[in-house]
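K.L.:
I have a structure I would like to understand better, so I am pasting it below and will then ask my questions one at a time.
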Amino acid sequence: MFARLGGLVVRARWLVIALAVGVLAAGGVWGTRVVDSLSDGGFYPEHGPSAAADRRIEKEFGRQNADVVVVYTSDRSTVDDASFTDPVRDKLSDIAKRGEVADVRSYFRTGSPAFVSRDERSTFAVISLVGTDEETRADQFEKVKELLPVPGTTTLVGGREAALADFNKKTEEGILTAEIIATPILTVLMLIIFGGVVAASMPLVVGVLAVLGGFTITRLLTYVTDISVFAINVITIIGLGLAIDYSLFIVSRFREELSAGADERTAVVRTMATAGRTVVVSGATVLLALAGLLIVPLPFLHGIALGGGAAIGVAIVSALVVLPAVLAVLGRRIDALSIRGGRGPRRRDMSEGTSEGTSGGDALGMWARIGSAVMRRPTAWLVGVLAVLTVAATPFLHATFETVDERVLPAGTESRVVAETLKSEFPGGADGTLLLMVDGGGRAAADTVSGAVRRMDHVVSVTPIATEGRATLLQVKASDGEQGPGTRALARELDRLAPPDGTTLHVSGLAAQVNDQMDAIADGLPWLALTVVGVTLVMLFFAFGSILMPIKAVLMNLVSIGAAFGAVVWSFQDGHLAGILGFTARPVEASNLVLILVLLFGLATDYEVFLLSRVREEWDLSGDNTRSVMVGMQRTGGIITAAALLLIVVVATFTTGGVSFLKLIGIGMTVAILVDATLVRMVLVPATMRILGDANWWAPRPLRRFYATYGIRESAEVPAARGQTATASRTTTV
C-alpha cells in the first residue's frame, strides 16, 4: 500500500506541490487569524454542580462575577475626603449607566468597610458586565477599561476579564519570544544534522504545513465549538515536533536508498514502503492518544484535542505526500548546498550508519556499541537506570493541585497587582468567597442555613447579599483563601449540607469550581488511561506482531512521564527553579498535567516506533535478537537523538515566556524528551530486549496468523528464511 502511494506521489508530484503551496497561502492569510476566535476559559466542567449553581444564581439574581475590579488610590487624601470621594463616586456612577455594565458594587453604594483599605487611602469597585459569553465580555471590558481612570488618583484595573487579557497577551509574547530564540538555534542544528541547506529545509516544509494547516482547520472548528487559546501552544509544539521527527526519518531513509544505488523514483517508493509505514503507525498512535483528552469533561482539553489533532493529521499527510513529492523533484539535489565542503552527505549522515557493514563482526557504529555495552550487563543497567528515574519521580508523591490564578502571571502585571493589593491591604481580602443560594423557604430557611454554616470549620462570616422572592443569596467568607484546602473542604461540606424542607441549596465560587475540576479529572483519568494505553497496545501489535513489545513500550513511556512529573513538582511547586526562570512557586494545575501526560505519551511512542521498526526489520532478516537491537540502534539512534534535540530546543524556549503555564510545559516536556531519548530508548529498551530474548516477538498462534494477514508491515512479504543478507532481503521486499 505504501509503495503504491509512493509511486502515485512521484507521478503527481507537481500537482501535490501546487496544492501544498495553496494550503500555505490559505493558512498564512486566513488560518493565522485563529487567535481572534479562541476561547479563554473552559477549565471547569460545563455540567458540574458549581456551573449549574452559577446558572441558577445568575437567572435569579443576575451575574455575580467580579468581571472587572478597579482600585483607586490617593497619595494625599482618604476615602472620606471630598477631593477623593466625589470624582471616584461620579466616575463609578457614570460607569454604572453604560450599556455594557450590569452592576457596580462599591463603598459609595454599600457603605461596607470591606471596600476601604486599612490606611483609608484606597478603595475598590467590583463591576459585572452584561455579556453572556466570553468573547462579548472581552470586547465590553476593553471599552469600559478606557473610561475607568480618575484624574488625581492611581487607577489599577484587575478582575477576571483583566486577568484573561493579561494572560493572553503574556502567552502570545511568550510564544513570540520562544520563536525568536528557537529559530536561529534550530537553523544551525538542522544544518549540522542534515549536512546541507536543502536537506535542512525539509523539516521546515513539513513543519510550516503542519502548523498553518492546524491553524486553518482549528479556525474552521471554532465555528461549531469553542477551542481553547492553549490549542495554539499545542499546535505549535506537536506540529513542529512531528514534522522534525518524520522529516528526519524519511529524508534519512531516502538518502540511504540513494546511497544503495536506487534511482530517485525507486528511492521514494522504497522510502514510503518502509519509513512511510512507520510514520503512519506513529502518527495514528499519537493522534488517537491525543483524542483521549475528549474523555475528560473539561472543555479546554477538548479544544486542545481538536486543534492538536488537526496539526497531527496535517503533519502525517505532509510527511506522506508533500515531502515525498519534494524529494522526487529534488532527487540527488537533496544534498545540494552542502556545508561539508561540497562533498555531499557523509556515509554516516545523521549518525544513522550505512546499509553496508552490517554482517557479523563488523563495527556497527556508536549507537550499536552503546547497545552492545548495555546488553552485556542488561540487569545491572536496567536496575541502575530505574533507580535513578524512580528518585527523579519521587517529588510527585507530595504534589498538590490548584487551578489557575493571578500567580501564573509575571510579578508586576497589573491584574496580578490588583489581586495582591486586595489580599494585603483590604480587610478580609485574603479570605475565600463562596456563594450559597437558598432556593425557596424565604427568610426563615435562609436563617436556618446561615446558622448551620457559621458552625462549620474555616467560616469567617455568612452574609445575606440579595433576596428575590423566596430565594436568598448568602456570601460565605472562608479563612483559607480562594482555593486553599480549607476553603475547598468547606465547599464540599456546603454541598453535603441537608437543606430545610421545601428548599434546595446551590454552591458557587472558585473553590467549588476547583472541586468540580478535580472530580472531573478523577472520573475521566481512568478512562483516558485505558484509551491511551489500549490504542498504543493495539497499534504497536499491528506494527510489530508482538505481545510483549507494546506492553514494554507503555511501561517505558510511564517511566519517562514519571520523571517529568517529578521535575515539574520539584521545579514549580517546590520552587527550586523559581528564581532562575522568574515565576512564583505554587501548587500544580492538574489539567495541565493531564495535557502533558497525553502529549508525552504520544511523543514517547513516536520514538519507540522509530526504533522498533528498524529492529523488527532486522529481526525479519536475521532472526538474531541481539543483532537486531544493535542494528536498529545503529540505524535510528542518531535520528532519535537528533529529533529529540531539535524538539527540546522548541519546548525549552517556552521557559522564557512570562506565563508559568508555558514554563511548566517547557520544563516537563524537556525533561521527559531528554530522558526518553537517552536513558529509556538507548538503555532501558536494549536492556529489556536482551533480557526477554526471542520472547520479544512472541505472540499466540492465532494472533500470529492475524498479524500475518492484517499487520501493518513494511512489505507484503516477510522473508521465509532466516539469515538472509540485508541486500538479498531488500531486493525481495521492495
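Residues are named by chain letter and number: chains run A, B, ... in the order of the C-alpha cells, numbers start at 1 in each chain, and ligands are numbered from 1 in the order shown.
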Excluding Ala387 (chain A) and residues on its chain fewer than 4 positions from it, collect all residues at most 12 Å away from it, counting only C-alpha atoms, and give them as a CSV table (one decimal) with N, CA, C and O atoms, in the first residue's frame.

P.N.:
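The file below, around09.csv, is the result:
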chain,number,residue,atom,x,y,z
A,380,ALA,N,22.1,-5.1,35.3
A,380,ALA,CA,22.7,-4.0,36.1
A,380,ALA,C,22.3,-2.7,35.5
A,380,ALA,O,22.0,-1.7,36.3
A,381,TRP,N,22.3,-2.5,34.2
A,381,TRP,CA,21.9,-1.3,33.6
A,381,TRP,C,20.4,-1.0,33.9
A,381,TRP,O,20.0,0.1,34.2
A,382,LEU,N,19.6,-2.0,33.8
A,382,LEU,CA,18.1,-1.9,34.0
A,382,LEU,C,17.8,-1.4,35.4
A,382,LEU,O,17.1,-0.4,35.6
A,383,VAL,N,18.4,-2.1,36.4
A,383,VAL,CA,18.2,-1.7,37.8
A,383,VAL,C,18.7,-0.3,38.1
A,383,VAL,O,18.1,0.5,38.8
A,391,VAL,N,14.0,7.9,41.7
A,391,VAL,CA,14.3,9.0,42.5
A,391,VAL,C,13.8,10.3,41.9
A,391,VAL,O,13.3,11.2,42.6
A,392,ALA,N,14.0,10.4,40.6
A,392,ALA,CA,13.6,11.6,39.9
A,392,ALA,C,12.1,11.8,40.0
A,392,ALA,O,11.6,13.0,40.0
A,393,ALA,N,11.3,10.7,40.0
A,393,ALA,CA,9.9,10.8,40.1
A,393,ALA,C,9.3,11.1,41.5
A,393,ALA,O,8.1,11.5,41.6
A,394,THR,N,10.1,10.9,42.5
A,394,THR,CA,9.6,10.9,43.9
A,394,THR,C,8.9,12.3,44.3
A,394,THR,O,8.0,12.3,45.1
A,559,VAL,N,7.7,5.5,32.6
A,559,VAL,CA,8.9,5.9,33.3
A,559,VAL,C,9.4,7.3,32.9
A,559,VAL,O,9.7,8.1,33.8
A,563,ALA,N,9.3,10.7,35.5
A,563,ALA,CA,10.5,11.6,35.7
A,563,ALA,C,10.1,13.1,35.4
A,563,ALA,O,10.5,14.0,36.1
A,679,LEU,N,18.1,7.7,28.3
A,679,LEU,CA,18.1,6.6,29.3
A,679,LEU,C,17.1,5.5,28.9
A,679,LEU,O,17.4,4.4,29.0
A,684,LEU,N,17.3,1.5,28.6
A,684,LEU,CA,16.2,0.5,29.1
A,684,LEU,C,15.7,-0.4,28.0
A,684,LEU,O,15.5,-1.6,28.3

K.L.:
Please provide as a list in words all residues within 7 Å of Val462 (chain A), with the sequence filter that same-chain residues fewer than 3 positions apart are discarded (counting only C-alpha atoms).

P.N.:
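Result of the neighbour search: Ser450, Arg454, Leu474, Gln475, Val476 and Lys477 of chain A.
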
K.L.:
Write out as a PyMOL selection string which residues come within 8 Å of region 324-340 of chain A when counting only C-alpha atoms, dropping same-chain ones fewer than 6 positions away.

P.N.:
chain A and resi 6+9-10+12-14+16-17+191-192+195-199+258+264-265+268+272

K.L.:
Would you please give, as JSON, numbers by chain, all residues of region 408-656 of chain A that DSSP assigns to helix (DSSP H, G or I) based on the backbone?

P.N.:
{"A": [408, 414, 415, 416, 417, 418, 419, 420, 421, 422, 423, 424, 425, 442, 443, 444, 445, 446, 447, 448, 449, 450, 451, 452, 453, 454, 485, 486, 487, 488, 489, 490, 491, 492, 493, 494, 495, 496, 510, 511, 512, 513, 514, 515, 516, 517, 518, 519, 520, 521, 522, 523, 524, 525, 526, 527, 528, 529, 530, 531, 532, 533, 534, 535, 536, 537, 538, 539, 540, 541, 542, 543, 544, 548, 549, 550, 551, 552, 553, 554, 555, 556, 557, 558, 559, 560, 561, 562, 563, 564, 565, 566, 567, 568, 569, 570, 571, 572, 573, 578, 579, 580, 581, 590, 591, 592, 593, 594, 595, 596, 597, 598, 599, 600, 601, 602, 603, 604, 605, 606, 607, 608, 609, 610, 611, 612, 613, 614, 615, 616, 617, 618, 619, 620, 621, 622, 625, 626, 627, 628, 629, 630, 631, 632, 633, 634, 635, 636, 637, 638, 639, 640, 641, 642, 643, 644, 645, 646, 647, 648, 649, 650, 651, 652, 653, 654, 655, 656]}

K.L.:
Give me, as a PyMOL selection string, all polymer residues having an atom no more than 9 Å from region 514-519 of chain A, counting only C-alpha atoms and skipping those fewer than 5 positions away in the same chain.

P.N.:
chain A and resi 43-45+48-51+297-298+401-403+483+488-489+491-492+509+524+590-591

K.L.:
Go through region 143-242 of chain A residue by residue and, counting only C-alpha atoms, keep those with an atom at most 12 Å from region 273-293 of chain A; for each kept residue give the shortest atom pair and its distance in Å to one decimal, ordered by chain and increasing number, as a tab-separated table.

P.N.:
residue	atom	partner	partner_atom	distance
A:Val234	CA	A:Leu290	CA	10.6
A:Ile235	CA	A:Leu290	CA	11.7
A:Ile238	CA	A:Val286	CA	9.7
A:Gly239	CA	A:Gly283	CA	11.1
A:Gly241	CA	A:Gly283	CA	11.5
A:Leu242	CA	A:Gly283	CA	8.1

K.L.:
Save out the residues we just selected, N, CA, C and O atoms, as a compact mmCIF listing (two decimals), in the first residue's frame.

P.N.:
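Below is the file part.txt, written as the result:
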# COMPACT_ATOMS: atom_id res chain seq x y z
N VAL A 234 -0.20 23.98 21.72
CA VAL A 234 -0.12 22.56 21.40
C VAL A 234 0.10 22.35 19.91
O VAL A 234 0.89 21.50 19.49
N ILE A 235 -0.60 23.11 19.09
CA ILE A 235 -0.43 23.01 17.63
C ILE A 235 1.03 23.30 17.26
O ILE A 235 1.63 22.59 16.43
N ILE A 238 3.37 20.29 18.86
CA ILE A 238 3.21 18.96 18.27
C ILE A 238 3.38 19.01 16.75
O ILE A 238 3.89 18.06 16.15
N GLY A 239 2.99 20.13 16.13
CA GLY A 239 3.19 20.26 14.69
C GLY A 239 4.67 20.27 14.33
O GLY A 239 5.11 19.52 13.45
N GLY A 241 7.14 19.32 16.35
CA GLY A 241 7.78 18.10 16.85
C GLY A 241 7.64 16.94 15.89
O GLY A 241 8.64 16.28 15.55
N LEU A 242 6.44 16.69 15.43
CA LEU A 242 6.23 15.57 14.50
C LEU A 242 6.85 15.87 13.14
O LEU A 242 7.34 14.95 12.46
